[in-house]
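Structure file query30.cif (mmCIF, N, CA and C atoms) follows.
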```
data_final
#
loop_
_atom_site.label_atom_id
_atom_site.label_comp_id
_atom_site.auth_asym_id
_atom_site.auth_seq_id
_atom_site.Cartn_x
_atom_site.Cartn_y
_atom_site.Cartn_z
N MET A 1 -117.64 128.34 28.75
CA MET A 1 -118.52 128.43 29.88
C MET A 1 -119.16 129.81 29.96
N LEU A 2 -118.45 130.82 29.51
CA LEU A 2 -119.03 132.16 29.50
C LEU A 2 -120.21 132.26 28.54
N ARG A 3 -120.06 131.67 27.36
CA ARG A 3 -121.17 131.67 26.39
C ARG A 3 -122.37 130.91 26.95
N LEU A 4 -122.10 129.80 27.61
CA LEU A 4 -123.18 129.01 28.21
C LEU A 4 -123.92 129.85 29.26
N HIS A 5 -123.17 130.51 30.11
CA HIS A 5 -123.79 131.35 31.14
C HIS A 5 -124.60 132.48 30.50
N GLY A 6 -124.04 133.13 29.49
CA GLY A 6 -124.74 134.21 28.81
C GLY A 6 -126.02 133.74 28.14
N THR A 7 -125.96 132.57 27.52
CA THR A 7 -127.14 132.02 26.85
C THR A 7 -128.21 131.66 27.87
N LEU A 8 -127.81 131.05 28.98
CA LEU A 8 -128.78 130.72 30.02
C LEU A 8 -129.42 131.98 30.61
N ALA A 9 -128.63 133.02 30.82
CA ALA A 9 -129.17 134.28 31.33
C ALA A 9 -130.14 134.90 30.33
N THR A 10 -129.82 134.81 29.05
CA THR A 10 -130.71 135.34 28.01
C THR A 10 -132.02 134.56 27.98
N LEU A 11 -131.94 133.24 28.09
CA LEU A 11 -133.16 132.42 28.11
C LEU A 11 -134.04 132.79 29.31
N LYS A 12 -133.41 133.04 30.44
CA LYS A 12 -134.18 133.45 31.62
C LYS A 12 -134.90 134.76 31.36
N GLU A 13 -134.21 135.72 30.75
CA GLU A 13 -134.83 137.01 30.44
C GLU A 13 -135.94 136.86 29.41
N LEU A 14 -135.71 136.06 28.38
CA LEU A 14 -136.74 135.83 27.37
C LEU A 14 -137.97 135.16 27.97
N GLY A 15 -137.74 134.23 28.89
CA GLY A 15 -138.85 133.55 29.52
C GLY A 15 -139.72 134.47 30.37
N ALA A 16 -139.10 135.52 30.90
CA ALA A 16 -139.84 136.45 31.77
C ALA A 16 -140.47 137.61 30.99
N PHE A 17 -140.08 137.75 29.73
CA PHE A 17 -140.59 138.89 28.95
C PHE A 17 -142.06 138.68 28.60
N PRO A 18 -142.90 139.71 28.72
CA PRO A 18 -144.34 139.56 28.43
C PRO A 18 -144.64 139.63 26.92
N PHE A 19 -144.19 138.64 26.17
CA PHE A 19 -144.42 138.64 24.72
C PHE A 19 -145.91 138.66 24.38
N ASP A 20 -146.73 138.04 25.19
CA ASP A 20 -148.17 138.00 24.91
C ASP A 20 -148.79 139.40 24.93
N ASP A 21 -148.18 140.31 25.68
CA ASP A 21 -148.68 141.69 25.72
C ASP A 21 -148.25 142.50 24.49
N VAL A 22 -147.22 142.03 23.80
CA VAL A 22 -146.65 142.77 22.68
C VAL A 22 -147.07 142.20 21.33
N TYR A 23 -147.14 140.86 21.24
CA TYR A 23 -147.42 140.20 19.97
C TYR A 23 -148.67 139.33 20.07
N PRO A 24 -149.41 139.26 18.99
CA PRO A 24 -150.50 138.27 18.95
C PRO A 24 -149.89 136.86 18.94
N PRO A 25 -150.58 135.84 19.45
CA PRO A 25 -150.03 134.49 19.53
C PRO A 25 -149.53 133.93 18.20
N SER A 26 -150.16 134.27 17.11
CA SER A 26 -149.77 133.70 15.82
C SER A 26 -148.57 134.42 15.19
N GLU A 27 -148.07 135.48 15.80
CA GLU A 27 -146.97 136.25 15.23
C GLU A 27 -145.70 136.18 16.07
N MET A 28 -145.55 135.09 16.82
CA MET A 28 -144.40 134.93 17.70
C MET A 28 -143.34 134.00 17.13
N GLU A 29 -143.44 133.64 15.86
CA GLU A 29 -142.55 132.62 15.29
C GLU A 29 -141.08 132.99 15.45
N PHE A 30 -140.69 134.22 15.19
CA PHE A 30 -139.28 134.62 15.31
C PHE A 30 -138.77 134.40 16.73
N TRP A 31 -139.51 134.86 17.71
CA TRP A 31 -139.05 134.74 19.10
C TRP A 31 -139.09 133.29 19.58
N TRP A 32 -140.07 132.53 19.12
CA TRP A 32 -140.10 131.11 19.46
C TRP A 32 -138.88 130.39 18.90
N LEU A 33 -138.54 130.66 17.65
CA LEU A 33 -137.35 130.05 17.05
C LEU A 33 -136.07 130.51 17.75
N THR A 34 -136.02 131.78 18.11
CA THR A 34 -134.86 132.30 18.83
C THR A 34 -134.69 131.58 20.16
N TYR A 35 -135.78 131.42 20.88
CA TYR A 35 -135.75 130.75 22.17
C TYR A 35 -135.31 129.29 22.01
N MET A 36 -135.93 128.57 21.08
CA MET A 36 -135.61 127.15 20.90
C MET A 36 -134.19 126.93 20.39
N ASN A 37 -133.71 127.82 19.52
CA ASN A 37 -132.32 127.70 19.06
C ASN A 37 -131.35 127.93 20.21
N SER A 38 -131.70 128.81 21.12
CA SER A 38 -130.85 129.05 22.29
C SER A 38 -130.85 127.82 23.20
N VAL A 39 -132.01 127.20 23.37
CA VAL A 39 -132.08 125.97 24.16
C VAL A 39 -131.19 124.89 23.53
N ASP A 40 -131.29 124.74 22.21
CA ASP A 40 -130.44 123.76 21.51
C ASP A 40 -128.96 124.08 21.72
N ALA A 41 -128.60 125.34 21.65
CA ALA A 41 -127.20 125.74 21.83
C ALA A 41 -126.72 125.39 23.24
N VAL A 42 -127.55 125.61 24.24
CA VAL A 42 -127.18 125.27 25.62
C VAL A 42 -126.96 123.77 25.76
N ILE A 43 -127.84 122.98 25.19
CA ILE A 43 -127.70 121.53 25.27
C ILE A 43 -126.39 121.08 24.62
N LEU A 44 -126.09 121.62 23.46
CA LEU A 44 -124.84 121.26 22.77
C LEU A 44 -123.62 121.71 23.54
N GLN A 45 -123.66 122.91 24.12
CA GLN A 45 -122.52 123.40 24.89
C GLN A 45 -122.30 122.56 26.14
N LEU A 46 -123.38 122.19 26.82
CA LEU A 46 -123.24 121.33 28.00
C LEU A 46 -122.67 119.96 27.62
N HIS A 47 -123.17 119.41 26.53
CA HIS A 47 -122.66 118.10 26.07
C HIS A 47 -121.16 118.20 25.78
N LYS A 48 -120.76 119.27 25.12
CA LYS A 48 -119.36 119.45 24.79
C LYS A 48 -118.51 119.60 26.06
N LEU A 49 -118.97 120.35 27.03
CA LEU A 49 -118.21 120.56 28.26
C LEU A 49 -118.09 119.30 29.11
N VAL A 50 -119.01 118.36 28.92
CA VAL A 50 -118.98 117.14 29.71
C VAL A 50 -118.34 115.98 28.96
N ASN A 51 -118.65 115.83 27.67
CA ASN A 51 -118.31 114.60 26.95
C ASN A 51 -117.28 114.74 25.84
N ASP A 52 -116.77 115.91 25.57
CA ASP A 52 -115.85 116.08 24.45
C ASP A 52 -114.59 115.24 24.66
N THR A 53 -114.06 114.69 23.58
CA THR A 53 -112.84 113.89 23.66
C THR A 53 -111.84 114.39 22.64
N GLY A 54 -110.58 114.09 22.88
CA GLY A 54 -109.53 114.48 21.96
C GLY A 54 -108.28 114.89 22.73
N PRO A 55 -107.22 115.19 22.00
CA PRO A 55 -105.94 115.50 22.66
C PRO A 55 -105.91 116.89 23.32
N ASP A 56 -106.60 117.85 22.79
CA ASP A 56 -106.55 119.22 23.32
C ASP A 56 -107.98 119.72 23.53
N ILE A 57 -108.61 119.25 24.58
CA ILE A 57 -110.02 119.55 24.81
C ILE A 57 -110.19 120.48 26.01
N HIS A 58 -111.32 121.13 26.05
CA HIS A 58 -111.67 122.00 27.16
C HIS A 58 -113.00 121.53 27.73
N THR A 59 -112.91 120.60 28.68
CA THR A 59 -114.10 120.08 29.34
C THR A 59 -114.08 120.52 30.80
N LEU A 60 -115.19 120.29 31.49
CA LEU A 60 -115.23 120.61 32.91
C LEU A 60 -114.17 119.81 33.67
N ARG A 61 -113.95 118.56 33.28
CA ARG A 61 -112.93 117.74 33.94
C ARG A 61 -111.53 118.31 33.69
N SER A 62 -111.23 118.75 32.47
CA SER A 62 -109.90 119.29 32.21
C SER A 62 -109.69 120.60 32.96
N PHE A 63 -110.74 121.43 33.08
CA PHE A 63 -110.62 122.66 33.87
C PHE A 63 -110.36 122.32 35.33
N LYS A 64 -111.09 121.33 35.85
CA LYS A 64 -110.89 120.91 37.24
C LYS A 64 -109.47 120.44 37.46
N ASN A 65 -108.94 119.64 36.54
CA ASN A 65 -107.59 119.12 36.67
C ASN A 65 -106.55 120.24 36.66
N GLU A 66 -106.76 121.27 35.87
CA GLU A 66 -105.83 122.41 35.86
C GLU A 66 -105.92 123.20 37.16
N ILE A 67 -107.10 123.36 37.69
CA ILE A 67 -107.27 124.08 38.95
C ILE A 67 -106.59 123.34 40.09
N VAL A 68 -106.71 122.02 40.10
CA VAL A 68 -106.11 121.22 41.16
C VAL A 68 -104.59 121.33 41.13
N LYS A 69 -104.00 121.50 39.96
CA LYS A 69 -102.54 121.60 39.82
C LYS A 69 -101.98 122.91 40.39
N GLY A 70 -102.81 123.94 40.44
CA GLY A 70 -102.34 125.26 40.83
C GLY A 70 -102.13 125.41 42.33
N PRO A 71 -101.60 126.56 42.74
CA PRO A 71 -101.40 126.82 44.17
C PRO A 71 -102.75 127.03 44.87
N TRP A 72 -102.84 126.56 46.09
CA TRP A 72 -104.08 126.65 46.86
C TRP A 72 -103.85 127.50 48.11
N LYS A 73 -104.80 128.37 48.37
CA LYS A 73 -104.73 129.20 49.57
C LYS A 73 -104.93 128.32 50.81
N GLN A 74 -105.81 127.33 50.69
CA GLN A 74 -106.04 126.37 51.76
C GLN A 74 -105.76 124.97 51.21
N PRO A 75 -104.53 124.47 51.37
CA PRO A 75 -104.16 123.17 50.79
C PRO A 75 -105.08 122.02 51.19
N ALA A 76 -105.70 122.09 52.36
CA ALA A 76 -106.59 121.00 52.77
C ALA A 76 -107.79 120.88 51.83
N MET A 77 -108.19 121.96 51.21
CA MET A 77 -109.32 121.93 50.27
C MET A 77 -108.96 121.16 49.00
N LYS A 78 -107.67 121.11 48.67
CA LYS A 78 -107.23 120.41 47.46
C LYS A 78 -107.57 118.92 47.55
N ASP A 79 -107.49 118.36 48.75
CA ASP A 79 -107.79 116.93 48.92
C ASP A 79 -109.25 116.62 48.66
N PHE A 80 -110.11 117.62 48.76
CA PHE A 80 -111.53 117.44 48.50
C PHE A 80 -111.76 117.03 47.05
N TRP A 81 -110.97 117.52 46.12
CA TRP A 81 -111.15 117.27 44.70
C TRP A 81 -110.43 116.01 44.30
#
```
Would you write out, as structure tokens, the structure that this file holds?
Amino acid sequence: MLRLHGTLATLKELGAFPFDDVYPPSEMEFWWLTYMNSVDAVILQLHKLVNDTGPDIHTLRSFKNEIVKGPWKQPAMKDFW
């Protein structure tokens, strides 16, 4: 999840960067590929966090289940999950 967050933050920064002021339109291939590869990585990471299967997986559901097992400062909130 940390890599996913970092990649999304990087994409946000890349999207805001004024590349048109620095590079001519025909010379942006490296940054375009960098951006699109990052988008692909985010999609794959999200898919893995939601749909991965197996005996020892780390999905959003497995993280939620571990959190629910732990001690709660406000036990009434545990029933929400």
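Pairwise distance (CA of Trp31 in chain A, CA of His47 in chain A) equals 24.4 Å.
The residue that comes closest to Leu8 in chain A, out of A:Met77, A:Val42, A:Met36, A:Leu49 and on the basis of all atoms listed in the file, is A:Val42.
You will find atom N of Thr59 in chain A at 15.5 Å from CA of His5 in chain A.
Note that the spacing between CA of Asn37 in chain A and atom N of His58 in chain A amounts to 23.1 Å.
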Neighbour list for Ala41 in chain A as an NGL selection string, cut-off 8 Å, only N, CA and C atoms, skip fewer than 6 positions in-chain: :A and (3-4 or 7 or 35 or 47)
Those of chain A in DSSP alpha helix (DSSP H), formatted as a PyMOL selection string: chain A and resi 2-16+19-22+29-51+60-69+75-78
Centre, edges in Å (one decimal): axis-aligned box, range 24-28 of chain A, 4 Å padding on all six sides, as lines of an AutoDock Vina configuration file:
```
center_x = -147.0
center_y = 136.5
center_z = 17.4
size_x = 15.2
size_y = 13.6
size_z = 12.3
```
